[in-house]
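Reproduced below: model-v2.txt, with compact mmCIF, C-alpha atoms.
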# COMPACT_ATOMS: atom_id res chain seq x y z
CA MET F 24 0.00 0.00 0.00
CA ILE F 25 1.25 3.42 -0.96
CA ARG F 26 1.36 5.90 1.78
CA PRO F 27 -0.95 8.91 1.42
CA ASN F 28 1.88 11.51 1.37
CA LEU F 29 3.87 9.62 -1.26
CA CYS F 30 0.75 9.21 -3.39
CA ARG F 31 0.06 12.92 -3.29
CA PHE F 32 3.67 13.70 -4.29
CA LEU F 33 3.54 11.39 -7.34
CA THR F 34 0.19 12.83 -8.40
CA ALA F 35 1.51 16.43 -8.23
CA ALA F 36 4.66 15.54 -10.19
CA MET F 37 2.68 13.90 -13.01
CA SER F 38 0.35 16.93 -13.19
CA LEU F 39 3.26 19.35 -13.57
CA PHE F 40 4.78 17.20 -16.27
CA ALA F 41 1.50 17.00 -18.19
CA VAL F 42 0.81 20.81 -18.33
CA PRO F 43 3.42 21.65 -21.06
CA CYS F 44 2.35 18.66 -23.10
CA VAL F 45 -1.29 19.70 -23.04
CA ALA F 46 -0.34 23.28 -23.95
CA ASN F 47 1.58 22.06 -26.99
CA ALA F 48 -1.22 19.72 -27.97
CA GLN F 49 -3.64 22.68 -28.33
CA TYR F 50 -1.80 23.80 -31.49
CA PHE F 51 -1.82 20.33 -33.07
CA ASP F 52 -4.38 19.84 -35.84
CA GLY F 53 -4.50 16.09 -35.91
CA GLY F 54 -7.87 15.56 -37.60
CA ALA F 55 -10.55 13.40 -36.03
CA GLY F 56 -10.17 12.14 -32.57
CA TYR F 57 -8.37 13.48 -29.64
CA PRO F 58 -4.86 14.86 -30.15
CA ALA F 59 -1.98 13.28 -28.37
CA VAL F 60 -1.04 14.87 -25.15
CA CYS F 61 2.62 15.15 -26.16
CA PRO F 62 2.89 14.64 -29.96
CA PRO F 63 6.25 13.59 -31.31
CA GLN F 64 8.47 16.13 -33.00
CA PRO F 65 8.45 16.00 -36.82
CA SER F 66 11.33 14.24 -38.45
CA GLY F 67 14.22 16.40 -39.60
CA TYR F 68 13.39 19.14 -37.10
CA ALA F 69 16.37 21.24 -36.13
CA ALA F 70 16.77 23.73 -33.35
CA PRO F 71 16.48 27.40 -34.45
CA GLN F 72 19.75 29.11 -35.30
CA VAL F 73 20.69 32.78 -34.75
CA ASN F 74 23.17 34.14 -37.28
CA HIS F 75 25.43 37.07 -36.36
CA TYR F 76 26.99 39.17 -39.18
CA VAL F 77 29.96 41.34 -38.33
CA SER F 78 30.97 43.80 -41.07
CA GLY F 79 34.04 46.03 -41.31
CA THR F 80 33.95 49.85 -40.81
CA SER F 81 32.98 51.65 -44.12
CA ASP F 82 34.77 54.82 -45.31
CA VAL F 83 33.04 58.12 -44.63
CA TRP F 84 34.06 59.36 -48.11
CA ASP F 85 34.01 56.69 -50.82
CA ASP F 86 35.05 57.83 -54.31
CA SER F 87 33.35 54.80 -55.82
CA ARG F 88 29.95 56.24 -55.01
CA PRO F 89 28.53 58.64 -57.70
CA ILE F 90 27.95 61.69 -55.52
CA GLU F 91 31.34 61.51 -53.81
CA ARG F 92 33.05 60.93 -57.15
CA PHE F 93 31.36 63.97 -58.70
CA LEU F 94 32.27 66.23 -55.79
CA THR F 95 35.86 64.98 -55.76
CA ASN F 96 36.27 65.74 -59.46
CA ALA F 97 34.70 69.19 -58.98
CA VAL F 98 37.12 70.08 -56.18
CA GLN F 99 40.11 68.87 -58.17
CA GLN F 100 39.12 71.19 -61.03
CA SER F 101 38.28 74.20 -58.82
CA TRP F 102 40.04 77.28 -57.50
CA ILE F 103 38.95 79.95 -55.00
CA ARG F 104 40.08 83.57 -54.90
CA MET F 105 39.55 85.85 -51.89
CA GLU F 106 40.38 89.54 -52.14
CA PHE F 107 40.09 92.83 -50.30
CA MET F 108 39.13 95.96 -52.22
CA TYR F 109 39.54 99.69 -51.69
CA MET F 110 37.17 101.60 -53.95
CA ASP F 111 36.55 105.25 -54.74
CA PHE F 112 33.09 106.45 -55.76
CA GLY F 113 34.26 110.01 -56.33
CA ASP F 114 32.66 113.17 -54.98
CA LEU F 115 29.42 115.00 -55.65
CA GLY F 116 31.11 118.03 -57.20
CA ASP F 117 30.75 121.60 -56.01
CA GLY F 118 27.34 122.51 -57.40
CA PHE F 119 24.77 124.51 -55.44
CA VAL F 120 22.29 122.73 -53.18
CA GLY F 121 18.73 123.72 -54.03
CA ALA F 122 16.85 124.93 -57.07
CA PRO F 123 18.73 126.66 -59.90
CA VAL F 124 18.74 130.46 -59.64
CA SER F 125 19.81 133.33 -61.83
CA GLY F 126 21.28 136.75 -61.11
CA LEU F 127 24.53 135.62 -59.46
CA GLN F 128 27.54 137.59 -60.72
CA ASN F 129 31.24 136.90 -60.75
CA GLY F 130 33.22 138.07 -57.73
CA PRO F 131 35.77 140.88 -57.65
CA LEU F 132 38.64 138.41 -57.99
CA PRO F 133 39.18 135.74 -60.69
CA GLY F 134 37.41 132.47 -59.97
CA GLN F 135 35.02 133.98 -57.44
CA GLN F 136 31.23 133.86 -57.75
CA GLU F 137 28.41 135.36 -55.78
CA GLY F 138 26.66 132.84 -53.60
CA ARG F 139 29.68 130.52 -53.59
CA ASP F 140 32.63 132.70 -52.54
CA VAL F 141 31.07 136.15 -52.26
CA PRO F 142 28.11 136.52 -49.88
CA VAL F 143 24.95 138.25 -51.03
CA ASP F 144 22.72 140.42 -48.84
CA TYR F 145 19.54 138.37 -48.84
CA THR F 146 16.10 138.88 -47.34
CA ASP F 147 13.97 135.97 -46.13
CA ASN F 148 11.04 136.13 -48.54
CA LEU F 149 9.25 133.28 -46.75
CA ASN F 150 9.32 135.36 -43.58
CA GLY F 151 7.96 138.67 -44.80
CA GLY F 152 11.23 139.93 -46.29
CA THR F 153 13.19 139.87 -43.03
CA PRO F 154 16.87 140.80 -43.61
CA VAL F 155 19.27 137.87 -43.30
CA GLY F 156 22.58 139.63 -43.92
CA ALA F 157 25.53 138.18 -45.78
CA THR F 158 24.36 134.86 -47.24
CA LEU F 159 25.91 131.99 -49.20
CA ILE F 160 24.36 128.98 -50.93
CA PRO F 161 25.68 125.63 -49.65
CA THR F 162 27.45 123.33 -52.12
CA TYR F 163 28.15 119.60 -52.27
CA ASN F 164 31.85 120.27 -51.82
CA GLY F 165 33.32 118.00 -49.14
CA LEU F 166 30.98 115.06 -49.70
CA ASP F 167 33.69 112.68 -50.95
CA LEU F 168 33.10 108.92 -51.21
CA ASP F 169 36.66 107.57 -51.27
CA ASN F 170 38.69 104.73 -49.71
CA ILE F 171 35.71 102.41 -49.29
CA PRO F 172 36.69 98.92 -48.08
CA GLY F 173 35.14 95.81 -49.62
CA VAL F 174 35.57 92.10 -50.21
CA ARG F 175 35.12 89.84 -53.21
CA GLY F 176 35.11 86.06 -53.52
CA THR F 177 35.32 84.07 -56.75
CA TRP F 178 34.89 80.35 -57.35
CA GLY F 179 36.26 78.96 -60.59
CA LEU F 180 35.57 75.52 -62.06
CA LYS F 181 37.07 73.90 -65.16
CA LEU F 182 34.40 72.15 -67.22
CA ASP F 183 34.56 70.04 -70.35
CA GLY F 184 35.08 72.63 -73.08
CA ALA F 185 34.59 75.70 -70.86
CA GLU F 186 35.44 77.43 -67.59
CA MET F 187 32.91 78.69 -65.05
CA GLU F 188 33.30 81.58 -62.59
CA LEU F 189 30.87 82.60 -59.84
CA SER F 190 31.69 85.84 -58.03
CA PHE F 191 30.19 87.81 -55.12
CA PHE F 192 31.35 91.22 -53.89
CA GLY F 193 30.29 94.00 -51.59
CA THR F 194 31.60 97.25 -50.14
CA GLY F 195 31.05 98.82 -46.77
CA GLN F 196 28.65 101.72 -46.40
CA GLN F 197 30.61 104.92 -46.80
CA ASN F 198 29.33 108.01 -44.99
CA ALA F 199 30.42 111.54 -45.85
CA VAL F 200 29.40 114.61 -43.84
CA SER F 201 29.76 118.30 -44.56
CA ASP F 202 29.17 120.14 -41.30
CA PHE F 203 29.11 123.92 -41.49
CA GLY F 204 29.39 124.12 -37.71
CA SER F 205 27.84 126.80 -35.55
CA LEU F 206 27.05 129.55 -38.04
CA ALA F 207 26.57 132.25 -35.40
CA GLU F 208 29.54 131.40 -33.19
CA GLY F 209 31.83 134.03 -34.71
CA ARG F 210 29.09 136.66 -34.63
CA ILE F 211 28.31 135.92 -30.98
CA ALA F 212 32.01 136.32 -30.16
CA ARG F 213 32.00 139.72 -31.85
CA PHE F 214 28.79 140.67 -30.05
CA ALA F 215 30.66 140.32 -26.75
CA LEU F 216 33.05 143.03 -27.98
CA ASP F 217 30.60 145.08 -30.02
CA PRO F 218 26.96 145.05 -28.85
CA THR F 219 25.86 146.65 -32.12
CA ILE F 220 26.47 143.32 -33.87
CA ASP F 221 23.31 141.29 -34.50
CA PRO F 222 24.29 137.60 -34.25
CA GLU F 223 21.26 136.63 -36.35
CA LEU F 224 22.60 138.46 -39.41
CA GLY F 225 25.40 137.06 -41.53
CA LEU F 226 28.72 138.89 -41.59
CA SER F 227 31.20 138.98 -44.48
CA GLN F 228 34.92 139.52 -44.59
CA THR F 229 35.94 143.02 -45.72
CA PRO F 230 37.83 143.09 -47.94
CA LEU F 231 37.30 139.54 -49.30
CA LEU F 232 40.82 138.10 -49.57
CA PRO F 233 41.78 135.38 -52.08
CA GLY F 234 41.35 131.89 -50.69
CA LYS F 235 39.59 133.16 -47.56
CA LYS F 236 36.03 132.27 -46.65
CA PRO F 237 33.53 134.91 -45.50
CA PHE F 238 33.72 135.53 -41.80
CA ALA F 239 30.35 134.25 -40.54
CA PRO F 240 27.68 134.16 -43.25
CA ASN F 241 24.26 132.59 -43.11
CA TYR F 242 23.23 129.96 -45.65
CA ALA F 243 20.14 129.70 -47.81
CA ILE F 244 18.84 126.83 -49.99
CA PRO F 245 16.94 128.49 -52.85
CA LEU F 246 13.52 127.30 -54.06
CA SER F 247 11.80 127.69 -57.38
CA THR F 248 8.31 129.22 -57.49
CA ASN F 249 5.62 127.04 -59.03
CA GLY F 250 8.43 125.17 -60.77
CA VAL F 251 9.92 128.31 -62.36
CA GLU F 252 13.54 129.36 -61.80
CA GLN F 253 13.92 132.68 -59.96
CA ASP F 254 16.49 135.43 -59.46
CA PHE F 255 18.26 134.62 -56.20
CA LEU F 256 17.42 137.92 -54.48
CA GLY F 257 13.74 137.48 -55.26
CA ALA F 258 13.54 133.73 -54.72
CA ASN F 259 12.07 131.94 -51.77
CA ALA F 260 14.65 130.02 -49.74
CA LEU F 261 15.21 127.99 -46.60
CA VAL F 262 17.47 130.14 -44.41
CA PHE F 263 19.84 128.78 -41.76
CA ASN F 264 21.51 131.05 -39.20
CA ASP F 265 22.32 128.45 -36.53
CA THR F 266 23.45 125.05 -37.91
CA LEU F 267 23.60 123.25 -41.26
CA THR F 268 24.80 119.72 -42.06
CA LEU F 269 24.80 117.76 -45.32
CA GLY F 270 25.25 114.00 -45.40
CA MET F 271 25.76 111.34 -48.05
CA SER F 272 26.08 107.55 -47.82
CA SER F 273 26.71 104.97 -50.53
CA GLN F 274 27.15 101.20 -50.84
CA VAL F 275 27.52 98.74 -53.75
CA TRP F 276 27.24 94.95 -53.86
CA GLY F 277 26.47 92.33 -56.45
CA ALA F 278 27.02 88.90 -58.01
CA GLU F 279 28.19 87.60 -61.36
CA PHE F 280 28.03 84.23 -63.19
CA SER F 281 30.26 83.76 -66.22
CA LEU F 282 31.23 81.04 -68.68
CA LEU F 283 34.52 81.35 -70.56
CA THR F 284 35.82 79.48 -73.57
CA PRO F 285 38.89 77.25 -72.97
CA ARG F 286 42.35 78.76 -72.93
CA ARG F 287 44.16 78.22 -76.22
CA ALA F 288 47.65 78.19 -74.72
CA PRO F 289 49.77 75.05 -75.21
CA GLY F 290 50.80 73.66 -71.84
CA GLY F 291 48.94 76.49 -70.08
CA ALA F 292 51.68 79.04 -70.84
CA GLY F 293 51.85 81.94 -73.28
CA PRO F 294 49.17 84.36 -74.51
CA SER F 295 45.51 83.36 -74.55
CA LEU F 296 42.12 84.83 -75.47
CA GLN F 297 38.89 83.69 -73.91
CA TRP F 298 35.40 84.89 -74.76
CA LEU F 299 33.10 85.51 -71.83
CA GLY F 300 29.33 85.38 -71.41
CA GLY F 301 27.02 85.32 -68.43
CA VAL F 302 24.62 87.28 -66.23
CA ARG F 303 25.20 89.97 -63.64
CA TYR F 304 23.43 91.79 -60.80
CA LEU F 305 24.45 95.05 -59.13
CA ASN F 306 22.85 96.93 -56.26
CA LEU F 307 23.59 100.59 -55.49
CA ASP F 308 22.04 102.04 -52.31
CA GLU F 309 22.53 105.73 -51.52
CA LYS F 310 21.09 108.36 -49.20
CA PHE F 311 21.39 112.15 -49.07
CA SER F 312 20.26 114.23 -46.10
CA ILE F 313 19.99 117.86 -45.01
CA ARG F 314 19.73 118.98 -41.39
CA GLY F 315 19.57 122.59 -40.30
CA THR F 316 18.19 125.02 -37.76
CA ASN F 317 17.21 128.67 -37.75
CA GLY F 318 16.26 130.78 -34.72
CA THR F 319 16.57 133.94 -32.69
CA PHE F 320 19.39 135.25 -30.51
CA ASN F 321 18.80 134.86 -26.76
CA GLY F 322 20.61 138.12 -26.05
CA THR F 323 23.65 136.56 -24.42
CA ASP F 324 25.43 133.56 -25.91
CA ALA F 325 23.33 131.40 -28.24
CA ILE F 326 20.80 131.16 -31.04
CA VAL F 327 17.61 129.50 -29.87
CA PRO F 328 16.28 127.50 -32.86
CA ASP F 329 12.61 127.77 -33.70
CA ARG F 330 12.71 125.94 -37.05
CA PHE F 331 14.19 122.46 -37.56
CA THR F 332 14.61 121.41 -41.17
CA SER F 333 15.12 117.80 -42.25
CA ILE F 334 15.21 116.42 -45.80
CA ASP F 335 16.08 112.79 -46.63
CA SER F 336 16.41 111.39 -50.13
CA GLU F 337 17.08 107.68 -50.69
CA THR F 338 17.59 105.61 -53.85
CA ILE F 339 17.86 101.87 -54.49
CA ASN F 340 19.18 100.83 -57.91
CA ASN F 341 18.88 97.15 -58.93
CA ILE F 342 20.79 96.63 -62.18
CA TYR F 343 20.73 93.21 -63.84
CA GLY F 344 21.04 91.56 -67.23
CA PRO F 345 23.26 89.50 -69.56
CA GLU F 346 26.87 90.44 -70.19
CA LEU F 347 29.52 89.76 -72.80
CA GLY F 348 33.27 90.23 -72.67
CA ALA F 349 36.69 88.73 -73.17
CA ARG F 350 39.83 87.91 -71.22
CA LEU F 351 43.28 88.54 -72.61
CA ALA F 352 46.01 86.85 -70.59
CA LEU F 353 49.72 86.12 -70.60
CA ASN F 354 50.58 83.10 -68.47
CA SER F 355 53.85 81.59 -67.31
CA LYS F 356 55.03 79.28 -64.55
CA TYR F 357 55.63 82.15 -62.14
CA PHE F 358 53.44 85.04 -63.32
CA SER F 359 50.06 85.72 -64.94
CA PHE F 360 48.81 88.99 -66.38
CA SER F 361 45.22 89.44 -67.56
CA ALA F 362 42.77 92.10 -68.66
CA THR F 363 39.03 91.35 -68.60
CA PRO F 364 36.71 93.94 -70.16
CA ARG F 365 32.98 93.17 -70.10
CA VAL F 366 29.71 94.97 -70.73
CA MET F 367 26.32 94.23 -69.23
CA MET F 368 23.23 95.56 -71.01
CA GLY F 369 20.09 95.15 -68.97
CA LEU F 370 17.59 96.93 -66.77
CA ASN F 371 17.62 99.20 -63.73
CA ASP F 372 14.72 98.47 -61.40
CA TYR F 373 14.95 101.50 -59.11
CA THR F 374 13.07 103.11 -56.24
CA ALA F 375 13.46 106.76 -55.19
CA THR F 376 12.02 108.22 -51.98
CA VAL F 377 12.10 111.72 -50.51
CA VAL F 378 10.93 112.44 -46.95
CA SER F 379 10.73 116.18 -46.32
CA ASN F 380 10.02 118.30 -43.26
CA PRO F 381 11.36 121.73 -44.32
CA LEU F 382 9.71 123.84 -41.62
CA GLY F 383 9.71 121.29 -38.81
CA ASN F 384 5.93 121.14 -38.54
CA GLN F 385 4.85 118.39 -40.96
CA SER F 386 6.65 115.55 -42.71
CA THR F 387 5.67 114.37 -46.18
CA SER F 388 6.93 111.38 -48.18
CA THR F 389 6.90 110.97 -51.96
CA ASP F 390 8.40 108.14 -53.97
CA ARG F 391 8.67 106.59 -57.39
CA HIS F 392 9.37 103.08 -58.63
CA SER F 393 10.24 102.43 -62.27
CA ILE F 394 12.34 100.30 -64.64
CA ASP F 395 14.71 101.73 -67.23
CA PHE F 396 17.46 100.52 -69.54
CA ALA F 397 20.95 100.51 -68.00
CA THR F 398 24.46 99.31 -68.75
CA ALA F 399 27.42 98.34 -66.60
CA THR F 400 30.94 98.35 -68.05
CA GLN F 401 33.86 96.97 -66.08
CA LEU F 402 37.58 96.52 -66.74
CA ASN F 403 39.59 94.26 -64.45
CA LEU F 404 43.40 94.23 -64.58
CA LEU F 405 45.12 91.41 -62.70
CA THR F 406 48.71 90.45 -61.86
CA GLU F 407 49.22 87.08 -60.20
CA VAL F 408 52.41 85.60 -58.68
CA HIS F 409 52.40 81.80 -58.46
CA LEU F 410 54.22 80.68 -55.32
CA ASN F 411 53.43 77.04 -56.13
CA SER F 412 50.84 75.06 -58.06
CA HIS F 413 48.29 75.45 -55.25
CA PHE F 414 48.76 79.02 -53.99
CA SER F 415 49.14 82.42 -55.67
CA LEU F 416 49.23 86.05 -54.55
CA TYR F 417 47.84 88.79 -56.74
CA GLY F 418 46.97 92.46 -57.03
CA GLY F 419 44.46 94.07 -59.35
CA TYR F 420 42.66 97.21 -60.42
CA ASP F 421 38.96 97.59 -61.24
CA PHE F 422 37.10 100.30 -63.12
CA LEU F 423 33.28 100.20 -63.13
CA CYS F 424 30.87 102.54 -64.91
CA ILE F 425 27.07 102.24 -64.54
CA THR F 426 24.73 104.32 -66.69
CA SER F 427 21.09 105.37 -66.27
CA ILE F 428 20.99 105.29 -62.48
CA THR F 429 19.22 107.60 -60.06
CA ARG F 430 21.14 109.37 -57.30
CA PRO F 431 19.54 110.83 -54.17
CA GLN F 432 20.97 114.36 -54.23
CA LYS F 433 19.52 114.92 -57.71
CA ASN F 434 16.03 113.66 -56.89
CA VAL F 435 15.02 116.44 -54.50
CA PHE F 436 12.73 118.99 -56.14
CA TYR F 437 13.12 122.29 -54.23
CA ASP F 438 9.96 124.23 -54.95
CA SER F 439 7.48 126.66 -53.42
CA THR F 440 3.92 127.28 -54.49
CA VAL F 441 2.15 130.62 -54.59
CA PRO F 442 -1.63 130.88 -55.18
CA ALA F 443 -2.62 132.36 -58.53
CA LEU F 444 -4.43 135.22 -56.78
CA GLY F 445 -1.48 135.92 -54.50
CA GLY F 446 -0.87 135.08 -50.90
CA ALA F 447 1.69 133.36 -48.72
CA ALA F 448 4.08 130.92 -50.36
CA THR F 449 4.09 127.29 -49.30
CA VAL F 450 7.27 125.22 -49.29
CA ASP F 451 6.89 122.15 -51.49
CA ILE F 452 9.90 119.82 -51.45
CA ARG F 453 9.23 116.44 -53.02
CA GLU F 454 10.69 113.61 -55.08
CA HIS F 455 11.45 114.23 -58.74
CA THR F 456 13.49 111.40 -60.27
CA THR F 457 16.45 112.31 -62.44
CA LEU F 458 18.48 109.60 -64.17
CA SER F 459 22.18 110.36 -64.11
CA ASP F 460 24.38 109.66 -67.09
CA TYR F 461 26.87 107.58 -65.13
CA PHE F 462 28.22 106.34 -61.80
CA TYR F 463 31.96 105.64 -61.50
CA ALA F 464 33.68 103.28 -59.08
CA HIS F 465 37.35 102.36 -59.25
CA GLY F 466 40.06 101.06 -56.96
CA PHE F 467 42.68 98.49 -56.10
CA SER F 468 42.34 94.95 -54.83
CA PHE F 469 44.73 92.33 -53.45
CA GLY F 470 44.36 88.78 -52.20
CA ALA F 471 45.20 85.14 -52.82
CA THR F 472 44.11 82.22 -55.01
CA PHE F 473 43.84 78.66 -53.67
CA ARG F 474 43.88 75.64 -55.97
CA TYR F 475 43.38 71.98 -55.15

Could you render the structure from this file as structure tokens?
Amino acid sequence: MIRPNLCRFLTAAMSLFAVPCVANAQYFDGGAGYPAVCPPQPSGYAAPQVNHYVSGTSDVWDDSRPIERFLTNAVQQSWIRMEFMYMDFGDLGDGFVGAPVSGLQNGPLPGQQEGRDVPVDYTDNLNGGTPVGATLIPTYNGLDLDNIPGVRGTWGLKLDGAEMELSFFGTGQQNAVSDFGSLAEGRIARFALDPTIDPELGLSQTPLLPGKKPFAPNYAIPLSTNGVEQDFLGANALVFNDTLTLGMSSQVWGAEFSLLTPRRAPGGAGPSLQWLGGVRYLNLDEKFSIRGTNGTFNGTDAIVPDRFTSIDSETINNIYGPELGARLALNSKYFSFSATPRVMMGLNDYTATVVSNPLGNQSTSTDRHSIDFATATQLNLLTEVHLNSHFSLYGGYDFLCITSITRPQKNVFYDSTVPALGGAATVDIREHTTLSDYFYAHGFSFGATFRY
């Protein structure tokens, strides 16, 4: 007889053994009848295998792949040039600021002119004919746009049957200021010695010596009347007896894409001629401003301004179009000399804006946007010294001429309107676009060329 505890142990062990077999039997589709509790394994059954593949480290840059091979070939046929430029945009001349006037005579000495060197006794016609004293007309003299720094980068690529060049350049914004200073300072100093002096009235030097400026004149910017030129003494004008400042700023930048024919120089040395074709874009941004004050003497040491004049004229020239040119070069192992003239004939998409507040009481803005034909002609002269096959130093000179552009100082229309039946004149300064014949920029450049 089996003991009760032993019987229970054997029964529990058989039950535990039977559970996995029953679980496996649930997935057996054995047809009719009851499935076996623990069916036999099919013949040829093998235990599952786990395969592990270990590969070597692949190269980050593989020239056998198409993209890497294309980029490698492009780099091997490329060169990069970086250069610093110092450009001159010239000056604005010494013409009068304001509307054209008549009636100005030559001075007592050769080369002198009334309004420029010789002051004129003027009366403020916008202020009931109040005497102003010795008066000059301001000029653009002193607004020079020279020694402007800039950078240019060029990427060159040798193609099958051609050469490609992509260039970007830009200059810094050059600011020029002509500050006439405190106009009444000399008169106030004299007033301390001679109380009969009126610091509000301009004083002239007597006699007027050659090369000497008038002692302490006032300044007046003349206006036309209903668009008609006037005699200066009878013209309306903005008068300044305290301060006057003229300002000018200019900046140029652009891009160029060119394709050149192959060099016809055996072995890469000797003279060569390449024709050039491509597209070009130039941007010329400029601004001209006038700031001035006029007021009354406080009786002791200063002019107290009661009229603040501000005039701002801004232009944006966008010149673009196709270009044609050529490159003449003389190449050797150690030196290269080249001259690249090219002409772009395209369009100037420009915007001109004038914001005027002549009397300090109300600001008005007028503008114009238009498109006109324009050209850009450039000559680049280059001397390159080859230190080795991968690195060269060079110096060059550029001359650029752009036609049919608009410049801010020429877009201000200085006018005054008088009612047909008479009455007080109203100052009317607004935008009136004038296309200049040309804009010149020239200067030197130096830098380096890197080849693969």

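Within the 6 Å cut-off around Gly176 of chain F, using all atoms listed in the file and omitting residues fewer than 2 positions from it on the same chain, the listed residues are F:Arg104, F:Met105, F:Ser190, F:Phe191.
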
Please produce a file of those selected residues containing C-alpha atoms, as an mmCIF file, in the coordinates of the input.
data_model
loop_
_atom_site.group_PDB
_atom_site.id
_atom_site.type_symbol
_atom_site.label_atom_id
_atom_site.label_comp_id
_atom_site.auth_asym_id
_atom_site.auth_seq_id
_atom_site.Cartn_x
_atom_site.Cartn_y
_atom_site.Cartn_z
ATOM 1 C CA ARG F 104 40.080 83.570 -54.900
ATOM 2 C CA MET F 105 39.550 85.850 -51.890
ATOM 3 C CA SER F 190 31.690 85.840 -58.030
ATOM 4 C CA PHE F 191 30.190 87.810 -55.120
#

Students should find that atom CA of Val174 of chain F and atom CA of Met108 of chain F are spaced 5.6 Å

Query raised in the report: Near Thr426 of chain F, counting all atoms listed in the file, which residues have an atom at most 8 Å away, once you skip same-chain residues fewer than 2 positions from it, shown as a ChimeraX atom specification?
Result: /F:397-399,424,428,459-462

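All residues of protein, DNA or RNA that reach within 8 Å of Ile313 of chain F, judged by all atoms listed in the file and not counting those fewer than 3 positions away in the chain, are F:Leu267, F:Thr268, F:Leu269, F:Gly270, F:Thr332, F:Ser333, F:Ile334, F:Asp335.
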
TODO: Please indicate the distance in Å from atom CA of Ala448 of chain F to atom CA of Gly118 of chain F, rounded to one decimal place.
DONE: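 Atom CA of Ala448 of chain F sits 25.7 Å away from atom CA of Gly118 of chain F.
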
Between atom CA of Pro142 of chain F and atom CA of Thr158 of chain F, what is the spacing in Å?
->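 These two atoms are separated by 4.9 Å.
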
I'd like the box whose edges run along x, y and z of the file and which contains every listed atom of segment 180-195 of chain F, padded by 8 Å per side; could you state its centre and edge lengths in Å, one decimal, as AutoDock Vina command-line options?
--center_x 33.6 --center_y 84.4 --center_z -59.9 --size_x 22.9 --size_y 44.8 --size_z 42.3
